[in-house]
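A.B. asks: Handing over run_24.cif, mmCIF, N, CA and C atoms.
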```cif
data_run
#
loop_
_atom_site.group_PDB
_atom_site.id
_atom_site.type_symbol
_atom_site.label_atom_id
_atom_site.label_comp_id
_atom_site.auth_asym_id
_atom_site.auth_seq_id
_atom_site.Cartn_x
_atom_site.Cartn_y
_atom_site.Cartn_z
ATOM 1 N N MET R 18 22.820 -4.248 -2.442
ATOM 2 C CA MET R 18 21.686 -3.569 -3.061
ATOM 3 C C MET R 18 20.442 -4.451 -2.963
ATOM 4 N N MET R 19 19.343 -3.804 -2.784
ATOM 5 C CA MET R 19 18.069 -4.522 -2.712
ATOM 6 C C MET R 19 17.551 -4.784 -4.114
ATOM 7 N N ASN R 20 16.783 -5.849 -4.240
ATOM 8 C CA ASN R 20 16.098 -6.090 -5.505
ATOM 9 C C ASN R 20 14.604 -5.867 -5.296
ATOM 10 N N SER R 21 13.856 -5.922 -6.376
ATOM 11 C CA SER R 21 12.430 -5.575 -6.293
ATOM 12 C C SER R 21 11.640 -6.547 -5.421
ATOM 13 N N VAL R 22 12.053 -7.805 -5.358
ATOM 14 C CA VAL R 22 11.355 -8.766 -4.501
ATOM 15 C C VAL R 22 11.547 -8.389 -3.031
ATOM 16 N N GLU R 23 12.775 -8.021 -2.667
ATOM 17 C CA GLU R 23 13.044 -7.608 -1.294
ATOM 18 C C GLU R 23 12.273 -6.342 -0.939
ATOM 19 N N VAL R 24 12.150 -5.441 -1.894
ATOM 20 C CA VAL R 24 11.396 -4.210 -1.654
ATOM 21 C C VAL R 24 9.929 -4.532 -1.411
ATOM 22 N N GLU R 25 9.374 -5.436 -2.188
ATOM 23 C CA GLU R 25 7.970 -5.821 -1.993
ATOM 24 C C GLU R 25 7.766 -6.451 -0.615
ATOM 25 N N GLU R 26 8.711 -7.288 -0.196
ATOM 26 C CA GLU R 26 8.620 -7.893 1.133
ATOM 27 C C GLU R 26 8.712 -6.822 2.221
ATOM 28 N N LEU R 27 9.636 -5.887 2.049
ATOM 29 C CA LEU R 27 9.781 -4.786 3.000
ATOM 30 C C LEU R 27 8.490 -3.973 3.078
ATOM 31 N N LEU R 28 7.900 -3.679 1.934
ATOM 32 C CA LEU R 28 6.654 -2.906 1.915
ATOM 33 C C LEU R 28 5.536 -3.628 2.662
ATOM 34 N N LYS R 29 5.463 -4.942 2.524
ATOM 35 C CA LYS R 29 4.432 -5.707 3.240
ATOM 36 C C LYS R 29 4.612 -5.583 4.751
ATOM 37 N N VAL R 30 5.857 -5.707 5.206
ATOM 38 C CA VAL R 30 6.133 -5.593 6.639
ATOM 39 C C VAL R 30 5.826 -4.182 7.130
ATOM 40 N N LEU R 31 6.301 -3.186 6.388
ATOM 41 C CA LEU R 31 6.053 -1.800 6.792
ATOM 42 C C LEU R 31 4.565 -1.477 6.807
ATOM 43 N N GLU R 32 3.822 -2.022 5.863
ATOM 44 C CA GLU R 32 2.379 -1.773 5.831
ATOM 45 C C GLU R 32 1.698 -2.386 7.047
ATOM 46 N N ALA R 33 2.126 -3.568 7.439
ATOM 47 C CA ALA R 33 1.540 -4.200 8.626
ATOM 48 C C ALA R 33 1.809 -3.355 9.869
ATOM 49 N N VAL R 34 3.027 -2.870 10.011
ATOM 50 C CA VAL R 34 3.376 -2.023 11.158
ATOM 51 C C VAL R 34 2.604 -0.712 11.099
ATOM 52 N N ARG R 35 2.562 -0.096 9.918
ATOM 53 C CA ARG R 35 1.863 1.180 9.755
ATOM 54 C C ARG R 35 0.388 1.035 10.108
ATOM 55 N N ALA R 36 -0.244 0.001 9.566
ATOM 56 C CA ALA R 36 -1.677 -0.194 9.796
ATOM 57 C C ALA R 36 -1.987 -0.413 11.277
ATOM 58 N N GLU R 37 -1.099 -1.121 11.964
ATOM 59 C CA GLU R 37 -1.342 -1.424 13.373
ATOM 60 C C GLU R 37 -0.997 -0.257 14.299
ATOM 61 N N LYS R 38 0.141 0.374 14.055
ATOM 62 C CA LYS R 38 0.627 1.368 15.015
ATOM 63 C C LYS R 38 0.479 2.815 14.566
ATOM 64 N N TYR R 39 0.455 3.045 13.266
ATOM 65 C CA TYR R 39 0.443 4.421 12.746
ATOM 66 C C TYR R 39 -0.585 4.576 11.622
ATOM 67 N N PRO R 40 -1.837 4.279 11.883
ATOM 68 C CA PRO R 40 -2.832 4.300 10.806
ATOM 69 C C PRO R 40 -3.076 5.678 10.196
ATOM 70 N N ASP R 41 -2.672 6.735 10.899
ATOM 71 C CA ASP R 41 -2.876 8.081 10.355
ATOM 72 C C ASP R 41 -1.866 8.443 9.274
ATOM 73 N N ILE R 42 -0.783 7.695 9.192
ATOM 74 C CA ILE R 42 0.210 7.943 8.146
ATOM 75 C C ILE R 42 -0.250 7.215 6.886
ATOM 76 N N PRO R 43 -0.344 7.922 5.770
ATOM 77 C CA PRO R 43 -0.826 7.289 4.544
ATOM 78 C C PRO R 43 0.110 6.181 4.045
ATOM 79 N N ALA R 44 -0.484 5.086 3.627
ATOM 80 C CA ALA R 44 0.300 3.974 3.078
ATOM 81 C C ALA R 44 1.111 4.424 1.871
ATOM 82 N N ASP R 45 0.537 5.320 1.076
ATOM 83 C CA ASP R 45 1.249 5.801 -0.113
ATOM 84 C C ASP R 45 2.531 6.544 0.248
ATOM 85 N N LEU R 46 2.537 7.241 1.363
ATOM 86 C CA LEU R 46 3.747 7.947 1.784
ATOM 87 C C LEU R 46 4.869 6.950 2.060
ATOM 88 N N ILE R 47 4.556 5.897 2.784
ATOM 89 C CA ILE R 47 5.563 4.874 3.082
ATOM 90 C C ILE R 47 6.054 4.235 1.789
ATOM 91 N N LYS R 48 5.123 3.889 0.919
ATOM 92 C CA LYS R 48 5.501 3.264 -0.355
ATOM 93 C C LYS R 48 6.375 4.208 -1.178
ATOM 94 N N ASP R 49 6.019 5.476 -1.229
ATOM 95 C CA ASP R 49 6.799 6.444 -2.006
ATOM 96 C C ASP R 49 8.206 6.620 -1.440
ATOM 97 N N ILE R 50 8.335 6.610 -0.127
ATOM 98 C CA ILE R 50 9.658 6.737 0.496
ATOM 99 C C ILE R 50 10.515 5.514 0.178
ATOM 100 N N VAL R 51 9.945 4.338 0.335
ATOM 101 C CA VAL R 51 10.697 3.113 0.031
ATOM 102 C C VAL R 51 11.091 3.087 -1.438
ATOM 103 N N THR R 52 10.176 3.469 -2.310
ATOM 104 C CA THR R 52 10.468 3.500 -3.742
ATOM 105 C C THR R 52 11.585 4.487 -4.052
ATOM 106 N N ALA R 53 11.542 5.653 -3.450
ATOM 107 C CA ALA R 53 12.584 6.660 -3.676
ATOM 108 C C ALA R 53 13.946 6.137 -3.239
ATOM 109 N N GLN R 54 13.984 5.477 -2.104
ATOM 110 C CA GLN R 54 15.249 4.930 -1.619
ATOM 111 C C GLN R 54 15.742 3.801 -2.527
ATOM 112 N N PHE R 55 14.832 2.949 -2.959
ATOM 113 C CA PHE R 55 15.201 1.839 -3.843
ATOM 114 C C PHE R 55 15.721 2.352 -5.180
ATOM 115 N N GLU R 56 15.016 3.308 -5.755
ATOM 116 C CA GLU R 56 15.402 3.823 -7.069
ATOM 117 C C GLU R 56 16.689 4.639 -7.027
ATOM 118 N N ASN R 57 17.090 5.074 -5.851
ATOM 119 C CA ASN R 57 18.292 5.899 -5.723
ATOM 120 C C ASN R 57 19.373 5.216 -4.884
ATOM 121 N N GLN R 58 19.417 3.907 -4.932
ATOM 122 C CA GLN R 58 20.428 3.176 -4.165
ATOM 123 C C GLN R 58 21.844 3.605 -4.528
ATOM 124 N N ASP R 59 22.058 3.935 -5.782
ATOM 125 C CA ASP R 59 23.388 4.337 -6.239
ATOM 126 C C ASP R 59 23.674 5.811 -5.966
ATOM 127 N N ASN R 60 22.658 6.546 -5.545
ATOM 128 C CA ASN R 60 22.826 7.973 -5.293
ATOM 129 C C ASN R 60 22.079 8.329 -4.002
ATOM 130 N N PRO R 61 22.668 8.014 -2.850
ATOM 131 C CA PRO R 61 21.964 8.238 -1.586
ATOM 132 C C PRO R 61 21.593 9.691 -1.322
ATOM 133 N N GLU R 62 22.380 10.617 -1.845
ATOM 134 C CA GLU R 62 22.031 12.033 -1.654
ATOM 135 C C GLU R 62 20.718 12.359 -2.352
ATOM 136 N N GLN R 63 20.545 11.847 -3.559
ATOM 137 C CA GLN R 63 19.292 12.066 -4.285
ATOM 138 C C GLN R 63 18.139 11.376 -3.556
ATOM 139 N N GLY R 64 18.378 10.171 -3.076
ATOM 140 C CA GLY R 64 17.350 9.469 -2.310
ATOM 141 C C GLY R 64 16.925 10.258 -1.089
ATOM 142 N N SER R 65 17.895 10.862 -0.417
ATOM 143 C CA SER R 65 17.582 11.687 0.754
ATOM 144 C C SER R 65 16.794 12.927 0.372
ATOM 145 N N ARG R 66 17.163 13.553 -0.742
ATOM 146 C CA ARG R 66 16.437 14.754 -1.187
ATOM 147 C C ARG R 66 14.985 14.419 -1.514
ATOM 148 N N VAL R 67 14.789 13.330 -2.247
ATOM 149 C CA VAL R 67 13.428 12.937 -2.623
ATOM 150 C C VAL R 67 12.619 12.593 -1.369
ATOM 151 N N THR R 68 13.235 11.855 -0.461
ATOM 152 C CA THR R 68 12.552 11.475 0.774
ATOM 153 C C THR R 68 12.188 12.701 1.599
ATOM 154 N N LYS R 69 13.104 13.630 1.729
ATOM 155 C CA LYS R 69 12.836 14.866 2.479
ATOM 156 C C LYS R 69 11.672 15.627 1.866
ATOM 157 N N LYS R 70 11.636 15.711 0.541
ATOM 158 C CA LYS R 70 10.538 16.410 -0.130
ATOM 159 C C LYS R 70 9.206 15.708 0.141
ATOM 160 N N LEU R 71 9.200 14.385 0.076
ATOM 161 C CA LEU R 71 7.973 13.636 0.351
ATOM 162 C C LEU R 71 7.465 13.917 1.769
ATOM 163 N N VAL R 72 8.369 13.884 2.732
ATOM 164 C CA VAL R 72 7.986 14.121 4.128
ATOM 165 C C VAL R 72 7.559 15.572 4.325
ATOM 166 N N ASP R 73 8.312 16.499 3.745
ATOM 167 C CA ASP R 73 7.953 17.921 3.864
ATOM 168 C C ASP R 73 6.570 18.190 3.278
ATOM 169 N N ASP R 74 6.302 17.626 2.103
ATOM 170 C CA ASP R 74 4.990 17.817 1.473
ATOM 171 C C ASP R 74 3.877 17.230 2.339
ATOM 172 N N TYR R 75 4.124 16.063 2.906
ATOM 173 C CA TYR R 75 3.137 15.447 3.789
ATOM 174 C C TYR R 75 2.877 16.330 5.010
ATOM 175 N N MET R 76 3.941 16.836 5.603
ATOM 176 C CA MET R 76 3.791 17.677 6.795
ATOM 177 C C MET R 76 3.051 18.974 6.474
ATOM 178 N N LYS R 77 3.273 19.529 5.296
ATOM 179 C CA LYS R 77 2.525 20.725 4.893
ATOM 180 C C LYS R 77 1.038 20.413 4.823
ATOM 181 N N ASP R 78 0.705 19.257 4.245
ATOM 182 C CA ASP R 78 -0.695 18.850 4.154
ATOM 183 C C ASP R 78 -1.302 18.658 5.538
ATOM 184 N N VAL R 79 -0.550 18.062 6.448
ATOM 185 C CA VAL R 79 -1.035 17.848 7.813
ATOM 186 C C VAL R 79 -1.314 19.188 8.483
ATOM 187 N N LYS R 80 -0.395 20.120 8.323
ATOM 188 C CA LYS R 80 -0.582 21.439 8.941
ATOM 189 C C LYS R 80 -1.784 22.162 8.350
ATOM 190 N N LEU R 81 -1.994 22.025 7.030
ATOM 191 C CA LEU R 81 -3.164 22.641 6.407
ATOM 192 C C LEU R 81 -4.443 22.018 6.944
ATOM 193 N N ASP R 82 -4.453 20.695 7.077
ATOM 194 C CA ASP R 82 -5.628 20.014 7.607
ATOM 195 C C ASP R 82 -5.904 20.438 9.048
ATOM 196 N N GLU R 83 -4.842 20.579 9.838
ATOM 197 C CA GLU R 83 -5.015 21.010 11.227
ATOM 198 C C GLU R 83 -5.560 22.436 11.290
ATOM 199 N N ALA R 84 -5.068 23.288 10.410
ATOM 200 C CA ALA R 84 -5.541 24.675 10.386
ATOM 201 C C ALA R 84 -7.017 24.728 10.000
ATOM 202 N N LYS R 85 -7.404 23.917 9.028
ATOM 203 C CA LYS R 85 -8.809 23.880 8.604
ATOM 204 C C LYS R 85 -9.704 23.372 9.723
ATOM 205 N N ALA R 86 -9.173 22.439 10.516
ATOM 206 C CA ALA R 86 -9.959 21.866 11.607
ATOM 207 C C ALA R 86 -9.961 22.760 12.843
ATOM 208 N N GLY R 87 -9.140 23.808 12.817
ATOM 209 C CA GLY R 87 -9.096 24.730 13.938
ATOM 210 C C GLY R 87 -8.245 24.272 15.097
ATOM 211 N N TRP R 88 -7.269 23.393 14.828
ATOM 212 C CA TRP R 88 -6.391 22.901 15.901
ATOM 213 C C TRP R 88 -5.317 23.861 16.161
#
```
Rewrite the structure of this file - the entire thing - as structure tokens.

C.D. replies:
Amino acid sequence: MMNSVEVEELLKVLEAVRAEKYPDIPADLIKDIVTAQFENQDNPEQGSRVTKKLVDDYMKDVKLDEAKAGW
């Protein structure tokens, strides 16, 4: 199991990668996914459900933004 210090270190690494390679993905999305997985280490099914909802909600927002922009 991960502890909070390891999660903070993981978040720093993921943020560096995100900022360099995937700047269009919100930092909060990555943080929320990592947090959901950390908080549900004992219940991976719940962690997966929360993560799926986070990604689905993000994708809905992306599609709405694309529709507004006329893409």

A.B. asks: List the residues selected by the PyMOL selection byres ((chain R and resi 41-55) around 8) in the file shown, writing them as a ChimeraX atom specification.

C.D. replies: /R:19-20,24,28,31-32,35-40,56-61,63-65,67-69,71-72,75

A.B. asks: Among the residues of chain R, find those DSSP assigns to helix (DSSP H, G or I) from the backbone and print them as a PyMOL selection string.

C.D. replies: chain R and resi 21-38+44-56+61-86

A.B. asks: Grab the atom N of R:Lys70 to atom C of R:Lys85 distance for me, in Å with one decimal place.

C.D. replies: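 Pair atom N of R:Lys70 / atom C of R:Lys85 returns 24.5 Å.
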
A.B. asks: Just how far from atom CA of R:Asp74 is atom N of R:Ala86, in Å to one decimal?

C.D. replies: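 About the pair atom N of R:Ala86 and atom CA of R:Asp74: they are 17.4 Å apart.
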
A.B. asks: Could you pull stretch 27-78 of chain R out of the structure just shown and give C-alpha atoms as a PDB file, in the first residue's frame?

C.D. replies:
```pdb
ATOM      1  CA  LEU R  27       4.056  10.332  -7.534  1.00  0.00           C
ATOM      2  CA  LEU R  28       1.997  13.484  -8.083  1.00  0.00           C
ATOM      3  CA  LYS R  29       5.166  15.545  -8.581  1.00  0.00           C
ATOM      4  CA  VAL R  30       6.447  13.134 -11.227  1.00  0.00           C
ATOM      5  CA  LEU R  31       3.081  12.919 -12.969  1.00  0.00           C
ATOM      6  CA  GLU R  32       2.769  16.704 -12.976  1.00  0.00           C
ATOM      7  CA  ALA R  33       6.177  17.070 -14.605  1.00  0.00           C
ATOM      8  CA  VAL R  34       5.219  14.577 -17.323  1.00  0.00           C
ATOM      9  CA  ARG R  35       1.774  16.140 -17.780  1.00  0.00           C
ATOM     10  CA  ALA R  36       3.151  19.669 -18.048  1.00  0.00           C
ATOM     11  CA  GLU R  37       5.769  18.638 -20.599  1.00  0.00           C
ATOM     12  CA  LYS R  38       3.873  16.170 -22.762  1.00  0.00           C
ATOM     13  CA  TYR R  39       0.154  16.641 -22.091  1.00  0.00           C
ATOM     14  CA  PRO R  40      -0.452  20.263 -21.085  1.00  0.00           C
ATOM     15  CA  ASP R  41      -4.065  20.148 -22.284  1.00  0.00           C
ATOM     16  CA  ILE R  42      -4.976  17.641 -19.580  1.00  0.00           C
ATOM     17  CA  PRO R  43      -5.876  19.488 -16.378  1.00  0.00           C
ATOM     18  CA  ALA R  44      -3.533  18.941 -13.442  1.00  0.00           C
ATOM     19  CA  ASP R  45      -6.570  18.597 -11.188  1.00  0.00           C
ATOM     20  CA  LEU R  46      -7.789  15.601 -13.184  1.00  0.00           C
ATOM     21  CA  ILE R  47      -4.517  13.759 -12.621  1.00  0.00           C
ATOM     22  CA  LYS R  48      -4.513  14.686  -8.940  1.00  0.00           C
ATOM     23  CA  ASP R  49      -8.134  13.570  -8.526  1.00  0.00           C
ATOM     24  CA  ILE R  50      -7.432  10.217 -10.195  1.00  0.00           C
ATOM     25  CA  VAL R  51      -4.382   9.555  -8.029  1.00  0.00           C
ATOM     26  CA  THR R  52      -6.323  10.583  -4.929  1.00  0.00           C
ATOM     27  CA  ALA R  53      -9.225   8.294  -5.829  1.00  0.00           C
ATOM     28  CA  GLN R  54      -6.874   5.366  -6.301  1.00  0.00           C
ATOM     29  CA  PHE R  55      -5.016   6.114  -3.062  1.00  0.00           C
ATOM     30  CA  GLU R  56      -8.185   6.494  -1.014  1.00  0.00           C
ATOM     31  CA  ASN R  57      -9.588   3.243  -2.407  1.00  0.00           C
ATOM     32  CA  GLN R  58      -6.533   1.008  -2.146  1.00  0.00           C
ATOM     33  CA  ASP R  59      -8.558  -1.495  -0.134  1.00  0.00           C
ATOM     34  CA  ASN R  60     -11.430  -1.404  -2.619  1.00  0.00           C
ATOM     35  CA  PRO R  61     -10.072  -1.401  -6.184  1.00  0.00           C
ATOM     36  CA  GLU R  62     -13.538  -1.710  -7.700  1.00  0.00           C
ATOM     37  CA  GLN R  63     -14.594   1.532  -6.028  1.00  0.00           C
ATOM     38  CA  GLY R  64     -11.343   3.164  -7.117  1.00  0.00           C
ATOM     39  CA  SER R  65     -12.061   2.112 -10.687  1.00  0.00           C
ATOM     40  CA  ARG R  66     -15.623   3.444 -10.530  1.00  0.00           C
ATOM     41  CA  VAL R  67     -14.488   6.813  -9.194  1.00  0.00           C
ATOM     42  CA  THR R  68     -11.697   7.016 -11.765  1.00  0.00           C
ATOM     43  CA  LYS R  69     -14.053   6.133 -14.620  1.00  0.00           C
ATOM     44  CA  LYS R  70     -16.482   8.839 -13.500  1.00  0.00           C
ATOM     45  CA  LEU R  71     -13.684  11.417 -13.345  1.00  0.00           C
ATOM     46  CA  VAL R  72     -12.523  10.539 -16.865  1.00  0.00           C
ATOM     47  CA  ASP R  73     -16.074  10.370 -18.233  1.00  0.00           C
ATOM     48  CA  ASP R  74     -16.896  13.787 -16.766  1.00  0.00           C
ATOM     49  CA  TYR R  75     -13.709  15.242 -18.230  1.00  0.00           C
ATOM     50  CA  MET R  76     -14.476  13.790 -21.657  1.00  0.00           C
ATOM     51  CA  LYS R  77     -18.000  15.233 -21.553  1.00  0.00           C
ATOM     52  CA  ASP R  78     -16.511  18.657 -20.853  1.00  0.00           C
TER      53      ASP R  78
END
```
